[in-house]
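Colleague: Have a look at this one before I ask anything.
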Amino acid sequence: MPPKGKKGQDKPKSNEEERDEPLQAVILADPFETRFSPFTLEHPRCLLPLANTPLIEYTFEFLANAGVEEVFVYCGAHRKEVEEHITRSKWAARSSPFSRLELIQSTSHSIGDAMRDLDSRSLLTGDFLMVYGDVVSNLPLESALAAHRERRAKDKNAIMTMVLREAGNTHRTKAIGTSPVFVIDPTKDRCLHFEQMPNRDQTHYLSIDPELLSTHQELEVRQDLIDCGIDICTPDVLALWSDNFDFQAPRKGFLHSVLKDYELNGKTFHTHIVADHYAARVRNLHAYESVSKDIVSRWAYPLCPDSNLIQGQSYRLQKGNVYKEEGVILARDCVIGSKTVIGRGTSIGDKSVITNSIIGRHCQIGRNVKIDGAYLWDYASVGDGSTVTRSIIANEAAIGRKCTIEAGALISYGVSISEGVTIRGDHRITRAKRRRELDEDLFRGDADPTIVGQKGDGFEFQDSDEEDEDELVDGLISAGPMYNLSNESISTLNSDSEADDFEIRHDRSATSSFLSVGSADSQHAANFDHDASASIYDSLVEGHESANIQLELTALRMSTNASDHQVRRAVVTSFVKRITQLIKSGEPVKNAVTQVLSQHKELIDRAIFDKNASNKADQVDLMLLLQADLGHKDNGENILLSAATKLVELDAVEEDGMLQWWEDERSVENEEMTRVREKTKGLIDFLQQESEEESEEDSEEDGDSE
């Protein structure tokens with residue numbers, strides 16, 4: 001037997017071997033859900049168009065940027081279509097970044113069956129990424145992979161890292177009707193408990209094992225995280241699935257149960273939480289609308305229409321986030337509003353108005369048509385005088401003259417709607433039926449004239465199998481409770497509590513419906529934050545004048561009934577984003593701050609209304625927003641100091657306003673807020689000294705006059 005090497009000599013060799021292993025990835029092209037019915041009766045979900053690009057293309061782009069070399073696409077239904085698409089794509093070409101791209105056909109009917117099938121195939125030899133075929137992300141994974149590998153080198157039981165994204169409690173890409181709650185040890189980024197609200201008992205309480213409270217100095221209970229559907233795994237994850245044949249759902253089944261049985265399996269799960277990049281799953285039709293808007297608004301850059309991700313696309317960006325391909329035919333007096341995408345060969349008739357919509361290729365839109373917030377896929381048509389609002393109209397579907405398609409309607413492939421028909425928002429219309437005994441055997445059903453009109457073709461889709469992994473009901477179809485839980489960490493919980501469970505009550509808030517949360521007014525106000533910030537930022541980058549930016553901001557505010565606080569938040573968010581971008585491009589902090597604030601002081605002035613008041617509530621609010629935004633930014637302390645100095649110099653924030661901000665309790669409500677303002681103390685001391693000197697001078701003048 002050869003002599004054993006020293007520990008110090010063995011480790012480098014092990015790390016070297018790990019680096020030599022190609023990074024692998026598994027794409028779950030079929031999530032075994034019915035959320036996109038009736039469209040998925042006829043075509044695979046991963047090929048549905050998102051901003052006129054198949055969903056799976058975004059997932060491939062993400063994996064390529066992450067440095068993945070071998071990809072396994074796990075297919076269930078519609079394998080042939082998926083295979084044909086990939087074969088024709090750039091990912092199968094010789095220039096592809098993937099050295100291996102393989103499709104796996106399976107008869108699995110759940111994620112759990114798919115995981116056990118993958119384990120039996122022994123294709124995955126080292127660390128691999130597990131992603132869904134509906135992931136849209138520009139997130140760089142280097143730091144997450146490095147942290148995972150470092151943990152793995154120290155502890156072989158650290159088998160999975162989940163990538164999560166900070167988003168607050170009401171972000172529009174979060175799931176509707178359910179709320180995932182993660183209990184995390186922040187010192188190790190280790191996930192200790194997971195629960196989906198409402199839980200299995202249909203209660204609104206989070207129950208934590210008291211032993212977790214006694215064995216961990218600090219816990220964070222997080223409800224503000226988006227589950228991106230991106231997991232960094234080891235083969236041990238698949239082995240755990242195989243050992244437990246009752247696991248079907250990745251989170252509320254597998255993750256919840258394995259964490260609960262930690263004493264039995266000894267495996268640990270960790271988190272990598274990001275705040276600065278974009279990551280989301282197009283998990284349902286609510287998310288479909290939200291992510292579409294994010295792509296059009298360039299929040300997921302470079303994943304946007306004018307990046308032309310697939311061969312043959314020719315989108316160009318125009319003012320107002322309008323994207324058009326070559327060969328679009330527009331009547332002279334039609335109106336194309338902001339945040340609209342129009343594909344090649346589409347024609348739009350006289351006096352038609354298209355706003356905030358995505359129109360595919362070769363669509364025919366007649367005269368006097370109004371389309372707002374809708375999605376028309378390739379070869380769809382809308383007749384003269386019709387109105388389409390926040391609906392999806394699939395390929396080759398035809399809407400007759402003077403029809404009304406209400407918000408929420410789904411019109412599937414090839415459906416025809418007769419002239420003068422109104423389609424309610426709760427209708428899902430298709431031409432395809434599935435024989436229950438043969439899941440993949442589709443046939444045409446008889447048209448229902450009470451739904452589509454006498455000359456129409458289609459009928460109401462019915463499916464009782466709506467429940468799936470993470471949501472009790474598709475967010476598009478019906479309402480469900482939202483749950484609010486503070487995202488503040490619960491620190492030093494290792495008390496001598498004798499309670500059986502640690503319970504946190506979830507407060508019910510507004511119900512939610514198709515593509516919206518609460519009432520239309522509240523949803524508009526919620527969307528204002530995102531849309532206004534994106535609009536201001538784009539205008540700053542393009543060098544627009546403050547007056548023009550203010551006009552667009554005022555119009556957006558009036559249309560959404562947004563508050564003064566929301567306007568200030570949008571201004572601050574966009575200003576900070578632009579300043580940090582300039583700094584990253586090489587500008588000194590002071591120059592970057594001066595360039596943005598000096599040129600666009602008018603936007604701040606128009607958001608502050610307390611210049612003649614003794615209580616500077618608006619100015620304090622502005623500074624608190626600036627402070628909070630910079631609290632998690634690199635170099636935030638220096639930016640805050642420069643910004644505060646410039647704001648006083650420009651008289652955008654008065655000296656009294658700055659001093660009132662400094663004395664406000666909210667400016668030191670947590671460590672992050674306290675830390676980021678430390679360097680600004682010198683400015684405050686100077687202002688306080690000036691204020692005292694002015695007071696003394698005033699007193700002396702008063703004495704002289706007497």
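So you can find residues: chains in the structure tokens are A, B, ... in the order shown, residues in each start at 1, and ligands are numbered from 1 in order.
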Might you pull out every residue within 8 Å of A:Arg281, with only C-alpha atoms counted and same-chain residues fewer than 2 positions away left off, and present them as a list in words?
Modeller: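 Here the qualifying residues turn out to be Tyr132, Asp134, Val135, Val136, Asp227, Cys228, Gly229, Ala279, Arg283 and Ala287 of chain A.
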Colleague: For stretch 633-644 of chain A, please output as a list in words all residues within 7 Å (counting only C-alpha atoms; exclusion window: fewer than 5 positions along the same chain).
Modeller: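 The contact residues come out as Val589, Lys590, Val593, Gln627, Val676, Arg677, Lys679 and Thr680 of chain A.
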Colleague: Please provide the set of residues having any atom within 7 Å of A:Ala249, restricted to only C-alpha atoms, with same-chain residues fewer than 2 positions apart removed, written as a VMD selection string.
Modeller: chain A and resid 111 to 112 247 251 to 254 469
Colleague: Tell me which protein, DNA and RNA residues are within 12 Å of stretch 94-108 of chain A, counting only C-alpha atoms, leaving out same-chain ones fewer than 6 positions away, and put them as a VMD selection string.
Modeller: chain A and resid 22 to 32 60 to 88 114 to 118 121 123 248 439 to 440
Colleague: Residues of the last selection are to be written out with C-alpha atoms, as a PDB file, in the first residue's frame.
Modeller:
ATOM      1  CA  PRO A  22     -17.692  20.116 -16.464  1.00  0.00           C
ATOM      2  CA  LEU A  23     -20.515  22.125 -14.947  1.00  0.00           C
ATOM      3  CA  GLN A  24     -23.750  20.336 -15.787  1.00  0.00           C
ATOM      4  CA  ALA A  25     -27.350  21.525 -15.789  1.00  0.00           C
ATOM      5  CA  VAL A  26     -30.785  19.944 -15.933  1.00  0.00           C
ATOM      6  CA  ILE A  27     -33.655  21.898 -17.478  1.00  0.00           C
ATOM      7  CA  LEU A  28     -37.086  20.721 -16.372  1.00  0.00           C
ATOM      8  CA  ALA A  29     -38.833  21.571 -19.629  1.00  0.00           C
ATOM      9  CA  ASP A  30     -42.096  20.098 -18.344  1.00  0.00           C
ATOM     10  CA  PRO A  31     -43.003  21.239 -14.801  1.00  0.00           C
ATOM     11  CA  PHE A  32     -45.965  18.808 -14.765  1.00  0.00           C
ATOM     12  CA  PHE A  60     -30.457  28.605 -22.265  1.00  0.00           C
ATOM     13  CA  GLU A  61     -29.014  32.145 -22.237  1.00  0.00           C
ATOM     14  CA  PHE A  62     -28.831  32.052 -18.446  1.00  0.00           C
ATOM     15  CA  LEU A  63     -27.039  28.688 -18.424  1.00  0.00           C
ATOM     16  CA  ALA A  64     -24.591  29.769 -21.114  1.00  0.00           C
ATOM     17  CA  ASN A  65     -23.685  32.883 -19.107  1.00  0.00           C
ATOM     18  CA  ALA A  66     -23.239  30.729 -16.005  1.00  0.00           C
ATOM     19  CA  GLY A  67     -20.546  28.680 -17.743  1.00  0.00           C
ATOM     20  CA  VAL A  68     -22.543  25.464 -18.052  1.00  0.00           C
ATOM     21  CA  GLU A  69     -20.976  22.950 -20.447  1.00  0.00           C
ATOM     22  CA  GLU A  70     -23.380  20.000 -20.422  1.00  0.00           C
ATOM     23  CA  VAL A  71     -27.156  20.399 -20.539  1.00  0.00           C
ATOM     24  CA  PHE A  72     -29.837  17.745 -20.134  1.00  0.00           C
ATOM     25  CA  VAL A  73     -33.337  18.840 -21.142  1.00  0.00           C
ATOM     26  CA  TYR A  74     -35.905  16.735 -19.308  1.00  0.00           C
ATOM     27  CA  CYS A  75     -39.066  16.462 -21.416  1.00  0.00           C
ATOM     28  CA  GLY A  76     -42.488  15.091 -20.619  1.00  0.00           C
ATOM     29  CA  ALA A  77     -45.237  16.090 -23.018  1.00  0.00           C
ATOM     30  CA  HIS A  78     -44.556  17.401 -26.548  1.00  0.00           C
ATOM     31  CA  ARG A  79     -41.009  16.066 -26.684  1.00  0.00           C
ATOM     32  CA  LYS A  80     -40.953  16.093 -30.493  1.00  0.00           C
ATOM     33  CA  GLU A  81     -41.709  19.821 -30.660  1.00  0.00           C
ATOM     34  CA  VAL A  82     -39.032  20.626 -28.073  1.00  0.00           C
ATOM     35  CA  GLU A  83     -36.498  18.484 -29.934  1.00  0.00           C
ATOM     36  CA  GLU A  84     -37.286  20.158 -33.263  1.00  0.00           C
ATOM     37  CA  HIS A  85     -36.894  23.620 -31.759  1.00  0.00           C
ATOM     38  CA  ILE A  86     -33.562  22.829 -30.112  1.00  0.00           C
ATOM     39  CA  THR A  87     -32.212  21.092 -33.222  1.00  0.00           C
ATOM     40  CA  ARG A  88     -32.847  24.243 -35.258  1.00  0.00           C
ATOM     41  CA  ALA A 114     -38.441  12.933 -12.756  1.00  0.00           C
ATOM     42  CA  MET A 115     -35.803  13.297 -10.017  1.00  0.00           C
ATOM     43  CA  ARG A 116     -35.843   9.588  -9.272  1.00  0.00           C
ATOM     44  CA  ASP A 117     -35.594   8.823 -12.970  1.00  0.00           C
ATOM     45  CA  LEU A 118     -32.578  11.129 -13.292  1.00  0.00           C
ATOM     46  CA  ARG A 121     -29.661   7.256 -15.217  1.00  0.00           C
ATOM     47  CA  LEU A 123     -25.815  11.154 -15.889  1.00  0.00           C
ATOM     48  CA  GLN A 248     -43.373  14.877  -5.329  1.00  0.00           C
ATOM     49  CA  ASP A 439     -53.382  12.029 -21.972  1.00  0.00           C
ATOM     50  CA  GLU A 440     -51.559  12.848 -25.181  1.00  0.00           C
TER      51      GLU A 440
END
Colleague: In Å, with one decimal, what is the gap from atom CA of A:His530 to atom CA of A:Ser297?
Modeller: 9.0 Å
Colleague: Which residue gives the smallest distance to A:Gln619 among A:Glu211, A:Glu602, A:Glu542, A:Glu655, with only C-alpha atoms counted?
Modeller: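 So, comparing all the options, the nearest one is A:Glu655.
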Colleague: Find the residue from A:Ile226, A:Arg149, A:Leu212, A:Ala275 that sits nearest to A:Glu263; use only C-alpha atoms when measuring.
Modeller: A:Leu212
Colleague: Identify, on the basis of only C-alpha atoms, every residue whose closest approach to A:Phe609 does not exceed 12 Å; exclude the query and any residue fewer than 2 positions from it along the same chain; express the result as a count of residues only.
Modeller: 22
Colleague: Identify, with DSSP run on backbone atoms, the residues in stretch 71-190 of chain A assigned to strand (DSSP E or B), and express the list as an MDAnalysis selection string.
Modeller: chainID A and resid 71:76 78 100:105 128:132 135:137 158:166 179:185 190
Colleague: Restricted to C-alpha atoms, what would the selected residues look like written as a short mmCIF file (atom, residue, chain, number, x, y, z; two decimals), in the first residue's frame?
Modeller:
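Wrote it out as part-v8.cif, contents follow:
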data_model
loop_
_atom_site.label_atom_id
_atom_site.label_comp_id
_atom_site.auth_asym_id
_atom_site.auth_seq_id
_atom_site.Cartn_x
_atom_site.Cartn_y
_atom_site.Cartn_z
CA VAL A 71 -27.16 20.40 -20.54
CA PHE A 72 -29.84 17.75 -20.13
CA VAL A 73 -33.34 18.84 -21.14
CA TYR A 74 -35.91 16.74 -19.31
CA CYS A 75 -39.07 16.46 -21.42
CA GLY A 76 -42.49 15.09 -20.62
CA HIS A 78 -44.56 17.40 -26.55
CA ARG A 100 -23.18 18.31 -24.71
CA LEU A 101 -26.90 18.93 -25.17
CA GLU A 102 -29.17 15.96 -24.65
CA LEU A 103 -32.93 15.53 -24.45
CA ILE A 104 -34.33 13.01 -21.98
CA GLN A 105 -37.76 11.54 -22.64
CA PHE A 128 -25.05 20.63 -11.36
CA LEU A 129 -27.70 23.31 -11.80
CA MET A 130 -31.35 22.38 -11.60
CA VAL A 131 -33.56 24.95 -13.35
CA TYR A 132 -37.01 25.11 -14.85
CA VAL A 135 -36.37 30.84 -15.80
CA VAL A 136 -35.55 34.39 -16.90
CA SER A 137 -32.38 35.71 -15.28
CA ALA A 158 -23.90 20.58 2.32
CA ILE A 159 -25.69 19.25 -0.74
CA MET A 160 -27.71 22.12 -2.20
CA THR A 161 -27.70 25.92 -2.57
CA MET A 162 -30.95 27.68 -3.51
CA VAL A 163 -30.70 30.98 -5.38
CA LEU A 164 -33.26 33.43 -3.99
CA ARG A 165 -33.97 37.04 -4.88
CA GLU A 166 -34.91 39.87 -2.53
CA SER A 179 -46.26 32.79 0.29
CA PRO A 180 -43.01 30.81 0.71
CA VAL A 181 -41.34 31.43 4.07
CA PHE A 182 -37.65 30.61 4.60
CA VAL A 183 -36.10 30.40 8.07
CA ILE A 184 -32.37 31.01 7.65
CA ASP A 185 -29.27 31.00 9.84
CA ARG A 190 -28.19 27.80 5.94
#
Colleague: Report as an NGL selection string all protein, DNA and RNA residues lying within 12 Å of A:Ile354, evaluated on only C-alpha atoms, omitting residues in the same chain fewer than 6 positions from it.
Modeller: :A and (322 or 330 or 333-342 or 347-348 or 365-376 or 382 or 386-390)
Colleague: For A:Asn138, which residue among A:Pro302, A:Trp91, A:Val296, A:Ile232 is the nearest when counting only C-alpha atoms?
Modeller: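 Among A:Pro302, A:Trp91, A:Val296, A:Ile232, it is A:Pro302 that comes nearest to A:Asn138.
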Colleague: How many Å lie between atom CA of A:Ile399 and atom CA of A:Ser418, rounded to one decimal?
Modeller: 6.9 Å
Colleague: Would you mind listing what lies within 7 Å of A:His427 as a short mmCIF file (atom, residue, chain, number, x, y, z; two decimals) with C-alpha atoms, in the first residue's frame, with only C-alpha atoms counted and same-chain residues fewer than 3 positions away left out?
Modeller:
data_model
loop_
_atom_site.label_atom_id
_atom_site.label_comp_id
_atom_site.auth_asym_id
_atom_site.auth_seq_id
_atom_site.Cartn_x
_atom_site.Cartn_y
_atom_site.Cartn_z
CA ALA A 409 -59.65 35.98 -21.26
CA LEU A 410 -57.51 33.22 -22.80
CA ILE A 423 -65.69 37.23 -24.31
CA ARG A 424 -65.74 37.57 -20.53
CA GLU A 460 -65.02 26.69 -23.00
#
Colleague: Grab the atom CA of A:Ser314 to atom CA of A:Arg344 distance for me, in Å with one decimal place.
Modeller: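 Those two atoms sit 8.2 Å apart.
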Colleague: Using only C-alpha atoms, which of A:Gly543, A:Pro140, A:Gly453, A:Gly408 sits nearest A:Asp276?
Modeller: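 Going through A:Gly543, A:Pro140, A:Gly453, A:Gly408 one by one, the smallest distance to A:Asp276 is for A:Pro140.
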Colleague: Using only C-alpha atoms, which residue out of A:Thr215, A:Thr234, A:Thr355, A:Asn52 lies closest to A:Phe269?
Modeller: A:Thr234
Colleague: Which of these, A:Gly385, A:Pro250, A:Gly343, A:Gly631, has the shortest distance to A:Tyr315 once you count only C-alpha atoms?
Modeller: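 Counting only C-alpha atoms, the residue closest to A:Tyr315 is A:Gly343.
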Colleague: Using the chain letters and numbers from this document, which residues of stretch 197-250 of chain A does DSSP assign to helix (DSSP H, G or I), as a list in words?
Modeller: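 Those residues are Pro210, Glu211, Leu212, Leu213, Ser214, Thr215, Pro235, Asp236, Val237, Leu238, Ala239, Leu240, Trp241, Ser242, Asp243 and Pro250 of chain A.
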